[in-house]
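One structure is given below, encoded as structure tokens.
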Amino acid sequence: MSILYFLVQQTMFFSIPLLIVALGGMYSERSGIVNIALEGIMIMGAFVSVFFISSYNDAMNPQLLLILAVLVAGLSGGVFALFHAFASINLKADQVISGTALNMFAPAFAIFIARTFGGTQYIQFVDKFHIVKVPVLGSIPIVGRLFFQNAYITTYIGFLIFIVAAFVIKYTRFGLRLRSCGEHPQAADSVGINVYKIRYAGVFISGILAGIGGIAFVIPTSTNFDASVAGYGFLALAVLIFGQWRSNKIFIAAFFFGIMKTVSSTYSGIPILKDLPIPNEIYKMAPYIATLVVLVFFSKKSQAPRAEGIPYDKGSR
């Protein structure tokens, strides 16, 4: 039973960042803007927020510091994503090329700044954010040990973001306008919706969530940041496609990949898997093999927003 608790807790650490970032991608792509810059935005959000944590590590309560770091990550990610929005919306640039440029720029920028101010590309921090047991909730039988022990506050922030995202997309006027701009921007424009503003909002929100996803990935899995998020931004794109650009399916997809990542990272501690005659490399490749397999089988059934990746020109209406 203790192995089950351990696996569930570890799965949270890997699944929550994927969930947050994929939901961010959903906002952008449902508005009509392809955002493959999620990897770069995650790196930028994680870099700025870890730098913030290392600067104020002893200045305040650890949980308050982490919440402020999450806000910093979201803001920095949102601002960084605006470059992609400007290139895609105003300049009508190729959205794939724009996203690729940001993916290449972010790690180089993070390494340059880290070496300039610290002499090394690693930014270290002390992990004071681990919650051994949440008061009251951690004492609930089974559920308490699964979800409220050995946790980080970013896990609960991730679930909150999912609930809000699902509600906003489905039941709010903004969500309706966002979806209409991704499906039929000309029709949306004809009823008075400012397509440019809605698309800017979608990309900005995607940047906020990708930035938060960056810090949500780094904090539970490391004590230093080396300008990498291990390809999680690209995995989030796979989650987004697997999830059919729908929040509920994205939730399922994120936890599927999270379980695969957990198995690849912790197989040596699971007696059944440890005794199997399978090379270590196979376990480490498992999440990425699963990604390829899933994309092969599900990409044909994908129903991306119709106007996704197509720059909108008001004059062509």
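Residues are referred to by chain and number: the chain letter is A, B, ... according to the order shown in the structure tokens, the number counts from 1 in that chain, and ligands are numbered separately from 1 in the order shown.
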What's the 8 Å shell around Gly207 of chain A, counting only C-alpha atoms, without same-chain residues fewer than 5 positions away, as a ChimeraX atom specification?
/A:24,38,41,74,77-82
Would you write out those residues with N, CA, C and O atoms, as a PDB file, in the first residue's frame?
```pdb
ATOM      1  N   GLY A  24      -2.863  25.996 -20.711  1.00  0.00           N
ATOM      2  CA  GLY A  24      -2.408  27.258 -21.292  1.00  0.00           C
ATOM      3  C   GLY A  24      -2.411  27.197 -22.810  1.00  0.00           C
ATOM      4  O   GLY A  24      -2.874  28.121 -23.488  1.00  0.00           O
ATOM      5  N   LEU A  38       5.575  26.925 -25.812  1.00  0.00           N
ATOM      6  CA  LEU A  38       5.305  26.589 -24.410  1.00  0.00           C
ATOM      7  C   LEU A  38       6.584  26.189 -23.671  1.00  0.00           C
ATOM      8  O   LEU A  38       6.755  26.508 -22.493  1.00  0.00           O
ATOM      9  N   ILE A  41       8.486  29.355 -22.858  1.00  0.00           N
ATOM     10  CA  ILE A  41       7.776  30.147 -21.844  1.00  0.00           C
ATOM     11  C   ILE A  41       7.910  29.489 -20.481  1.00  0.00           C
ATOM     12  O   ILE A  41       8.067  30.166 -19.454  1.00  0.00           O
ATOM     13  N   GLY A  74       3.996  33.436 -13.452  1.00  0.00           N
ATOM     14  CA  GLY A  74       2.873  33.696 -14.351  1.00  0.00           C
ATOM     15  C   GLY A  74       3.027  35.016 -15.085  1.00  0.00           C
ATOM     16  O   GLY A  74       2.803  35.096 -16.302  1.00  0.00           O
ATOM     17  N   GLY A  77       5.909  34.774 -17.617  1.00  0.00           N
ATOM     18  CA  GLY A  77       5.490  33.948 -18.751  1.00  0.00           C
ATOM     19  C   GLY A  77       4.520  34.684 -19.651  1.00  0.00           C
ATOM     20  O   GLY A  77       4.599  34.614 -20.887  1.00  0.00           O
ATOM     21  N   GLY A  78       3.582  35.416 -19.043  1.00  0.00           N
ATOM     22  CA  GLY A  78       2.611  36.170 -19.830  1.00  0.00           C
ATOM     23  C   GLY A  78       3.261  37.258 -20.669  1.00  0.00           C
ATOM     24  O   GLY A  78       2.938  37.429 -21.848  1.00  0.00           O
ATOM     25  N   VAL A  79       4.199  37.979 -20.062  1.00  0.00           N
ATOM     26  CA  VAL A  79       4.897  39.045 -20.793  1.00  0.00           C
ATOM     27  C   VAL A  79       5.726  38.453 -21.933  1.00  0.00           C
ATOM     28  O   VAL A  79       5.738  38.982 -23.052  1.00  0.00           O
ATOM     29  N   PHE A  80       6.407  37.342 -21.653  1.00  0.00           N
ATOM     30  CA  PHE A  80       7.228  36.701 -22.688  1.00  0.00           C
ATOM     31  C   PHE A  80       6.353  36.220 -23.849  1.00  0.00           C
ATOM     32  O   PHE A  80       6.747  36.312 -25.020  1.00  0.00           O
ATOM     33  N   ALA A  81       5.164  35.719 -23.533  1.00  0.00           N
ATOM     34  CA  ALA A  81       4.264  35.224 -24.580  1.00  0.00           C
ATOM     35  C   ALA A  81       3.752  36.344 -25.472  1.00  0.00           C
ATOM     36  O   ALA A  81       3.334  36.095 -26.607  1.00  0.00           O
ATOM     37  N   LEU A  82       3.766  37.571 -24.973  1.00  0.00           N
ATOM     38  CA  LEU A  82       3.285  38.688 -25.789  1.00  0.00           C
ATOM     39  C   LEU A  82       4.144  38.895 -27.040  1.00  0.00           C
ATOM     40  O   LEU A  82       3.669  39.419 -28.047  1.00  0.00           O
TER      41      LEU A  82
END
```
Phe242 of chain A environment, 12 Å, only C-alpha atoms, sequence neighbours closer than 4 positions dropped, as a ChimeraX atom specification
/A:22,26,235-238,246-257,290-304
Mind checking DSSP for segment 79-316 of chain A and telling me the alpha helix (DSSP H) residues as a PyMOL selection string?
chain A and resi 79-85+95-118+143-147+153-171+173-183+185-190+195-221+232-242+247-266+271-274+280-298
Shell around Tyr196 of chain A at 8 Å using only C-alpha atoms, local window under 3 positions removed, as number ranges by chain
A: 89, 199-200, 312
Write the selection just made, keeping C-alpha atoms, as a short mmCIF file (atom, residue, chain, number, x, y, z; two decimals), in the first residue's frame?
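File written: result36.cif
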```
data_model
loop_
_atom_site.label_atom_id
_atom_site.label_comp_id
_atom_site.auth_asym_id
_atom_site.auth_seq_id
_atom_site.Cartn_x
_atom_site.Cartn_y
_atom_site.Cartn_z
CA ILE A 89 -1.25 38.80 -34.70
CA ARG A 199 -6.35 36.40 -29.54
CA TYR A 200 -3.99 38.59 -27.53
CA TYR A 312 -6.62 37.01 -39.25
#
```
Could you list, as number ranges by chain, every residue within 10 Å of Phe13 of chain A, counting only C-alpha atoms and ignoring same-chain residues fewer than 3 positions away?
A: 8-10, 16-18, 151-152, 154-155, 216-221, 258, 261-262
Given the selection you just returned, output its residues as a file containing all heavy atoms, formatted as a compact mmCIF listing (two decimals), in the first residue's frame.
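Dumped to part_29.txt:
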```
# COMPACT_ATOMS: atom_id res chain seq x y z
N VAL A 8 1.21 7.60 -6.37
CA VAL A 8 0.22 8.68 -6.56
C VAL A 8 0.84 10.04 -6.27
O VAL A 8 0.65 11.00 -7.03
CB VAL A 8 -1.00 8.43 -5.65
CG1 VAL A 8 -1.95 9.65 -5.69
CG2 VAL A 8 -1.76 7.19 -6.10
N GLN A 9 1.60 10.12 -5.20
CA GLN A 9 2.23 11.40 -4.86
C GLN A 9 3.22 11.84 -5.92
O GLN A 9 3.27 13.01 -6.32
CB GLN A 9 2.92 11.27 -3.49
CG GLN A 9 1.94 11.10 -2.34
CD GLN A 9 2.61 10.59 -1.07
OE1 GLN A 9 3.80 10.26 -1.07
NE2 GLN A 9 1.86 10.51 0.02
N GLN A 10 4.02 10.89 -6.42
CA GLN A 10 4.98 11.22 -7.47
C GLN A 10 4.27 11.61 -8.77
O GLN A 10 4.73 12.50 -9.49
CB GLN A 10 5.90 10.02 -7.72
CG GLN A 10 6.86 9.72 -6.59
CD GLN A 10 7.88 10.83 -6.40
OE1 GLN A 10 8.48 11.30 -7.36
NE2 GLN A 10 8.07 11.27 -5.16
N ILE A 16 0.82 17.56 -12.75
CA ILE A 16 0.29 18.91 -12.56
C ILE A 16 0.93 19.93 -13.51
O ILE A 16 0.21 20.73 -14.13
CB ILE A 16 0.44 19.34 -11.08
CG1 ILE A 16 -0.49 18.48 -10.20
CG2 ILE A 16 0.11 20.82 -10.93
CD1 ILE A 16 -1.96 18.61 -10.53
N PRO A 17 2.28 19.95 -13.65
CA PRO A 17 2.85 20.91 -14.62
C PRO A 17 2.33 20.67 -16.03
O PRO A 17 2.03 21.64 -16.75
CB PRO A 17 4.35 20.63 -14.53
CG PRO A 17 4.56 20.01 -13.20
CD PRO A 17 3.32 19.21 -12.93
N LEU A 18 2.22 19.40 -16.44
CA LEU A 18 1.69 19.10 -17.77
C LEU A 18 0.27 19.63 -17.92
O LEU A 18 -0.11 20.20 -18.96
CB LEU A 18 1.71 17.59 -18.02
CG LEU A 18 3.03 16.96 -18.47
CD1 LEU A 18 2.85 15.46 -18.62
CD2 LEU A 18 3.50 17.58 -19.78
N ALA A 151 3.35 16.67 -0.17
CA ALA A 151 2.80 17.44 -1.29
C ALA A 151 3.43 18.82 -1.37
O ALA A 151 4.20 19.23 -0.49
CB ALA A 151 1.29 17.56 -1.13
N TYR A 152 3.11 19.50 -2.45
CA TYR A 152 3.50 20.90 -2.63
C TYR A 152 2.25 21.70 -2.92
O TYR A 152 1.29 21.19 -3.53
CB TYR A 152 4.50 21.04 -3.79
CG TYR A 152 5.88 20.51 -3.48
CD1 TYR A 152 6.18 19.16 -3.65
CD2 TYR A 152 6.88 21.36 -3.00
CE1 TYR A 152 7.44 18.67 -3.36
CE2 TYR A 152 8.15 20.88 -2.72
CZ TYR A 152 8.42 19.53 -2.89
OH TYR A 152 9.66 19.06 -2.60
N THR A 154 1.81 23.80 -5.09
CA THR A 154 1.57 23.91 -6.54
C THR A 154 0.59 22.85 -7.04
O THR A 154 -0.08 23.05 -8.05
CB THR A 154 2.90 23.78 -7.30
OG1 THR A 154 3.61 22.62 -6.83
CG2 THR A 154 3.77 25.00 -7.11
N THR A 155 0.52 21.71 -6.33
CA THR A 155 -0.45 20.67 -6.72
C THR A 155 -1.87 21.20 -6.60
O THR A 155 -2.68 21.04 -7.53
CB THR A 155 -0.28 19.44 -5.82
OG1 THR A 155 1.02 18.90 -6.00
CG2 THR A 155 -1.32 18.38 -6.15
N ALA A 216 6.05 25.05 -11.34
CA ALA A 216 5.40 23.85 -10.78
C ALA A 216 6.18 22.59 -11.12
O ALA A 216 6.13 21.60 -10.38
CB ALA A 216 3.97 23.73 -11.31
N PHE A 217 6.93 22.61 -12.23
CA PHE A 217 7.77 21.47 -12.59
C PHE A 217 9.08 21.47 -11.81
O PHE A 217 9.54 20.42 -11.34
CB PHE A 217 8.06 21.49 -14.10
CG PHE A 217 9.09 20.48 -14.52
CD1 PHE A 217 8.77 19.13 -14.58
CD2 PHE A 217 10.39 20.87 -14.83
CE1 PHE A 217 9.73 18.19 -14.95
CE2 PHE A 217 11.35 19.94 -15.19
CZ PHE A 217 11.01 18.59 -15.26
N VAL A 218 9.70 22.61 -11.67
CA VAL A 218 11.04 22.69 -11.08
C VAL A 218 11.01 22.40 -9.57
O VAL A 218 11.84 21.64 -9.06
CB VAL A 218 11.67 24.07 -11.36
CG1 VAL A 218 12.97 24.22 -10.57
CG2 VAL A 218 11.94 24.23 -12.84
N ILE A 219 10.08 23.01 -8.86
CA ILE A 219 10.10 22.94 -7.39
C ILE A 219 10.04 21.50 -6.85
O ILE A 219 10.88 21.13 -6.00
CB ILE A 219 8.95 23.79 -6.80
CG1 ILE A 219 9.23 25.27 -7.03
CG2 ILE A 219 8.76 23.50 -5.31
CD1 ILE A 219 10.46 25.78 -6.30
N PRO A 220 9.12 20.64 -7.30
CA PRO A 220 9.08 19.30 -6.69
C PRO A 220 10.16 18.35 -7.19
O PRO A 220 10.37 17.30 -6.60
CB PRO A 220 7.69 18.76 -7.12
CG PRO A 220 6.95 19.92 -7.68
CD PRO A 220 7.99 20.83 -8.22
N THR A 221 10.83 18.69 -8.28
CA THR A 221 11.73 17.72 -8.91
C THR A 221 13.20 18.07 -8.81
O THR A 221 14.05 17.26 -9.22
CB THR A 221 11.39 17.56 -10.41
OG1 THR A 221 11.48 18.84 -11.05
CG2 THR A 221 9.98 17.00 -10.59
N GLY A 258 1.76 11.65 -16.94
CA GLY A 258 2.38 11.76 -15.62
C GLY A 258 2.68 10.39 -15.02
O GLY A 258 3.73 10.18 -14.40
N LYS A 261 5.69 8.99 -16.81
CA LYS A 261 6.92 9.65 -16.33
C LYS A 261 7.29 9.16 -14.93
O LYS A 261 8.47 8.95 -14.62
CB LYS A 261 6.69 11.17 -16.31
CG LYS A 261 7.92 11.97 -15.91
CD LYS A 261 8.99 11.93 -16.96
CE LYS A 261 10.18 12.80 -16.58
NZ LYS A 261 11.27 12.67 -17.57
N THR A 262 6.28 8.94 -14.10
CA THR A 262 6.55 8.42 -12.75
C THR A 262 7.17 7.04 -12.80
O THR A 262 8.14 6.75 -12.09
CB THR A 262 5.23 8.37 -11.95
OG1 THR A 262 4.69 9.69 -11.86
CG2 THR A 262 5.46 7.83 -10.56
```
Got a sec: who's within 8 Å of segment 57-63 of chain A, counting only C-alpha atoms, leaving out chain neighbours fewer than 2 positions off, as an mmCIF file with all heavy atoms, in the first residue's frame?
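Saved file selection_4.cif follows:
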```
data_model
loop_
_atom_site.group_PDB
_atom_site.id
_atom_site.type_symbol
_atom_site.label_atom_id
_atom_site.label_comp_id
_atom_site.auth_asym_id
_atom_site.auth_seq_id
_atom_site.Cartn_x
_atom_site.Cartn_y
_atom_site.Cartn_z
ATOM 1 N N ILE A 53 13.051 33.307 -5.931
ATOM 2 C CA ILE A 53 13.133 32.475 -4.717
ATOM 3 C C ILE A 53 14.528 32.520 -4.103
ATOM 4 O O ILE A 53 14.690 32.667 -2.886
ATOM 5 C CB ILE A 53 12.736 31.021 -5.049
ATOM 6 C CG1 ILE A 53 11.235 30.922 -5.294
ATOM 7 C CG2 ILE A 53 13.143 30.062 -3.917
ATOM 8 C CD1 ILE A 53 10.778 29.561 -5.783
ATOM 9 N N SER A 54 15.550 32.393 -4.948
ATOM 10 C CA SER A 54 16.924 32.406 -4.428
ATOM 11 C C SER A 54 17.279 33.756 -3.808
ATOM 12 O O SER A 54 18.128 33.837 -2.923
ATOM 13 C CB SER A 54 17.914 32.060 -5.540
ATOM 14 O OG SER A 54 17.908 33.050 -6.546
ATOM 15 N N SER A 55 16.611 34.821 -4.253
ATOM 16 C CA SER A 55 16.895 36.155 -3.729
ATOM 17 C C SER A 55 16.197 36.416 -2.397
ATOM 18 O O SER A 55 16.679 37.193 -1.576
ATOM 19 C CB SER A 55 16.470 37.219 -4.748
ATOM 20 O OG SER A 55 17.161 37.054 -5.966
ATOM 21 N N LEU A 65 6.306 32.577 0.123
ATOM 22 C CA LEU A 65 7.327 32.804 -0.897
ATOM 23 C C LEU A 65 7.000 32.028 -2.173
ATOM 24 O O LEU A 65 7.141 32.557 -3.286
ATOM 25 C CB LEU A 65 8.694 32.371 -0.362
ATOM 26 C CG LEU A 65 9.870 32.484 -1.345
ATOM 27 C CD1 LEU A 65 10.069 33.928 -1.785
ATOM 28 C CD2 LEU A 65 11.150 31.940 -0.698
ATOM 29 N N LEU A 66 6.547 30.787 -2.024
ATOM 30 C CA LEU A 66 6.210 29.981 -3.202
ATOM 31 C C LEU A 66 5.009 30.557 -3.946
ATOM 32 O O LEU A 66 4.984 30.591 -5.186
ATOM 33 C CB LEU A 66 5.936 28.531 -2.790
ATOM 34 C CG LEU A 66 5.612 27.560 -3.934
ATOM 35 C CD1 LEU A 66 6.709 27.585 -4.998
ATOM 36 C CD2 LEU A 66 5.440 26.142 -3.394
ATOM 37 N N ILE A 67 4.010 31.036 -3.205
ATOM 38 C CA ILE A 67 2.848 31.646 -3.860
ATOM 39 C C ILE A 67 3.261 32.894 -4.640
ATOM 40 O O ILE A 67 2.837 33.111 -5.781
ATOM 41 C CB ILE A 67 1.770 31.989 -2.810
ATOM 42 C CG1 ILE A 67 1.164 30.700 -2.231
ATOM 43 C CG2 ILE A 67 0.667 32.849 -3.424
ATOM 44 C CD1 ILE A 67 0.215 30.928 -1.084
ATOM 45 N N PHE A 125 18.530 26.683 -5.087
ATOM 46 C CA PHE A 125 17.636 27.170 -4.052
ATOM 47 C C PHE A 125 17.406 26.062 -3.023
ATOM 48 O O PHE A 125 17.628 24.880 -3.308
ATOM 49 C CB PHE A 125 16.285 27.623 -4.653
ATOM 50 C CG PHE A 125 15.531 26.525 -5.344
ATOM 51 C CD1 PHE A 125 14.582 25.758 -4.671
ATOM 52 C CD2 PHE A 125 15.757 26.241 -6.686
ATOM 53 C CE1 PHE A 125 13.873 24.752 -5.318
ATOM 54 C CE2 PHE A 125 15.069 25.231 -7.335
ATOM 55 C CZ PHE A 125 14.123 24.485 -6.650
ATOM 56 N N VAL A 126 17.007 26.451 -1.852
ATOM 57 C CA VAL A 126 16.739 25.494 -0.782
ATOM 58 C C VAL A 126 15.255 25.132 -0.811
ATOM 59 O O VAL A 126 14.396 26.022 -0.807
ATOM 60 C CB VAL A 126 17.114 26.078 0.596
ATOM 61 C CG1 VAL A 126 16.810 25.076 1.698
ATOM 62 C CG2 VAL A 126 18.576 26.475 0.611
ATOM 63 N N LYS A 128 12.265 24.529 0.778
ATOM 64 C CA LYS A 128 11.557 24.649 2.052
ATOM 65 C C LYS A 128 10.040 24.540 1.834
ATOM 66 O O LYS A 128 9.257 24.848 2.732
ATOM 67 C CB LYS A 128 11.870 26.004 2.690
ATOM 68 C CG LYS A 128 13.338 26.199 3.040
ATOM 69 C CD LYS A 128 13.546 27.565 3.671
ATOM 70 C CE LYS A 128 15.004 27.766 4.055
ATOM 71 N NZ LYS A 128 15.233 29.113 4.664
ATOM 72 N N PHE A 129 9.656 24.131 0.645
ATOM 73 C CA PHE A 129 8.252 24.198 0.275
ATOM 74 C C PHE A 129 7.510 22.877 0.430
ATOM 75 O O PHE A 129 6.302 22.808 0.231
ATOM 76 C CB PHE A 129 8.135 24.683 -1.173
ATOM 77 C CG PHE A 129 9.019 25.853 -1.467
ATOM 78 C CD1 PHE A 129 10.128 25.718 -2.295
ATOM 79 C CD2 PHE A 129 8.762 27.087 -0.901
ATOM 80 C CE1 PHE A 129 10.954 26.793 -2.559
ATOM 81 C CE2 PHE A 129 9.582 28.170 -1.147
ATOM 82 C CZ PHE A 129 10.687 28.023 -1.989
ATOM 83 N N ILE A 153 2.279 22.965 -2.557
ATOM 84 C CA ILE A 153 1.103 23.802 -2.751
ATOM 85 C C ILE A 153 0.795 23.982 -4.237
ATOM 86 O O ILE A 153 -0.350 24.271 -4.621
ATOM 87 C CB ILE A 153 1.314 25.174 -2.061
ATOM 88 C CG1 ILE A 153 -0.044 25.850 -1.842
ATOM 89 C CG2 ILE A 153 2.236 26.066 -2.855
ATOM 90 C CD1 ILE A 153 0.043 27.070 -0.945
#
```
Which residues in segment 38-231 of chain A does DSSP call strand (DSSP E)? List them as a ChimeraX atom specification.
/A:123-124,131-133,149-151,224-225
Shell of 12 Å around segment 96-105 of chain A, only C-alpha atoms, local chain residues under 4 positions omitted, as a ChimeraX atom specification
/A:25,33-44,77,80-89,91-92,109-112,203,207,227-229,231,233-234,308-311
Atoms to include: C-alpha atoms. Write the selected residues as a PDB file, in the first residue's frame.
```
ATOM      1  CA  GLY A  25      -1.897  25.924 -24.802  1.00  0.00           C
ATOM      2  CA  ILE A  33      -2.958  31.026 -32.389  1.00  0.00           C
ATOM      3  CA  VAL A  34      -0.656  27.992 -32.473  1.00  0.00           C
ATOM      4  CA  ASN A  35       1.668  28.215 -29.495  1.00  0.00           C
ATOM      5  CA  ILE A  36       4.606  25.835 -29.749  1.00  0.00           C
ATOM      6  CA  ALA A  37       6.582  28.271 -27.584  1.00  0.00           C
ATOM      7  CA  LEU A  38       5.305  26.589 -24.410  1.00  0.00           C
ATOM      8  CA  GLU A  39       8.738  25.067 -23.728  1.00  0.00           C
ATOM      9  CA  GLY A  40      10.456  28.445 -23.911  1.00  0.00           C
ATOM     10  CA  ILE A  41       7.776  30.147 -21.844  1.00  0.00           C
ATOM     11  CA  MET A  42       8.079  27.460 -19.174  1.00  0.00           C
ATOM     12  CA  ILE A  43      11.828  28.048 -19.033  1.00  0.00           C
ATOM     13  CA  MET A  44      11.378  31.802 -18.764  1.00  0.00           C
ATOM     14  CA  GLY A  77       5.490  33.948 -18.751  1.00  0.00           C
ATOM     15  CA  PHE A  80       7.228  36.701 -22.688  1.00  0.00           C
ATOM     16  CA  ALA A  81       4.264  35.224 -24.580  1.00  0.00           C
ATOM     17  CA  LEU A  82       3.285  38.688 -25.789  1.00  0.00           C
ATOM     18  CA  PHE A  83       6.258  38.587 -28.172  1.00  0.00           C
ATOM     19  CA  HIS A  84       4.645  35.561 -29.804  1.00  0.00           C
ATOM     20  CA  ALA A  85       1.298  37.357 -29.870  1.00  0.00           C
ATOM     21  CA  PHE A  86       2.781  40.449 -31.495  1.00  0.00           C
ATOM     22  CA  ALA A  87       4.567  38.400 -34.161  1.00  0.00           C
ATOM     23  CA  SER A  88       1.535  36.211 -34.852  1.00  0.00           C
ATOM     24  CA  ILE A  89      -1.246  38.803 -34.696  1.00  0.00           C
ATOM     25  CA  LEU A  91       3.054  41.007 -37.973  1.00  0.00           C
ATOM     26  CA  LYS A  92       1.109  37.948 -39.228  1.00  0.00           C
ATOM     27  CA  PHE A 109      18.814  34.107 -22.171  1.00  0.00           C
ATOM     28  CA  ALA A 110      18.508  32.226 -18.866  1.00  0.00           C
ATOM     29  CA  ILE A 111      22.043  30.814 -19.101  1.00  0.00           C
ATOM     30  CA  PHE A 112      23.493  34.195 -20.080  1.00  0.00           C
ATOM     31  CA  VAL A 203      -1.886  34.016 -25.895  1.00  0.00           C
ATOM     32  CA  GLY A 207       1.877  32.478 -21.248  1.00  0.00           C
ATOM     33  CA  ALA A 227      17.608  26.512 -17.976  1.00  0.00           C
ATOM     34  CA  SER A 228      15.791  23.286 -18.840  1.00  0.00           C
ATOM     35  CA  VAL A 229      12.354  21.825 -18.181  1.00  0.00           C
ATOM     36  CA  GLY A 231      11.016  18.891 -22.779  1.00  0.00           C
ATOM     37  CA  GLY A 233       6.629  22.105 -22.961  1.00  0.00           C
ATOM     38  CA  PHE A 234       6.672  19.768 -25.947  1.00  0.00           C
ATOM     39  CA  GLU A 308      -5.808  27.655 -35.826  1.00  0.00           C
ATOM     40  CA  GLY A 309      -2.545  28.943 -37.253  1.00  0.00           C
ATOM     41  CA  ILE A 310      -4.247  31.221 -39.790  1.00  0.00           C
ATOM     42  CA  PRO A 311      -3.468  34.929 -39.284  1.00  0.00           C
TER      43      PRO A 311
END
```
I want to know what sits within 8 Å of segment 164-176 of chain A, based on only C-alpha atoms, with residues of the same chain fewer than 3 positions away left out; could you give that as a list in words?
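Everything that qualifies: Leu23, Leu160, Ile161, Arg179, Ser180, Ser247 and Asn248 of chain A.
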Which value, in Å to one decimal, gives the distance between atom CA of Ile212 of chain A and atom CA of Val70 of chain A?
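These atoms are spaced 5.6 Å apart.
The space separating atom CA of Ser264 of chain A from atom CA of Ala106 of chain A comes to 27.1 Å.
Picture a line from atom CA of Ser265 of chain A to atom CA of Ile289 of chain A; it runs 14.6 Å.
The smallest atom-to-atom distance between Ala187 of chain A and any of A:Ala73, A:Ala307, A:Met12, A:Ile113, using only C-alpha atoms, is found for A:Ala307.
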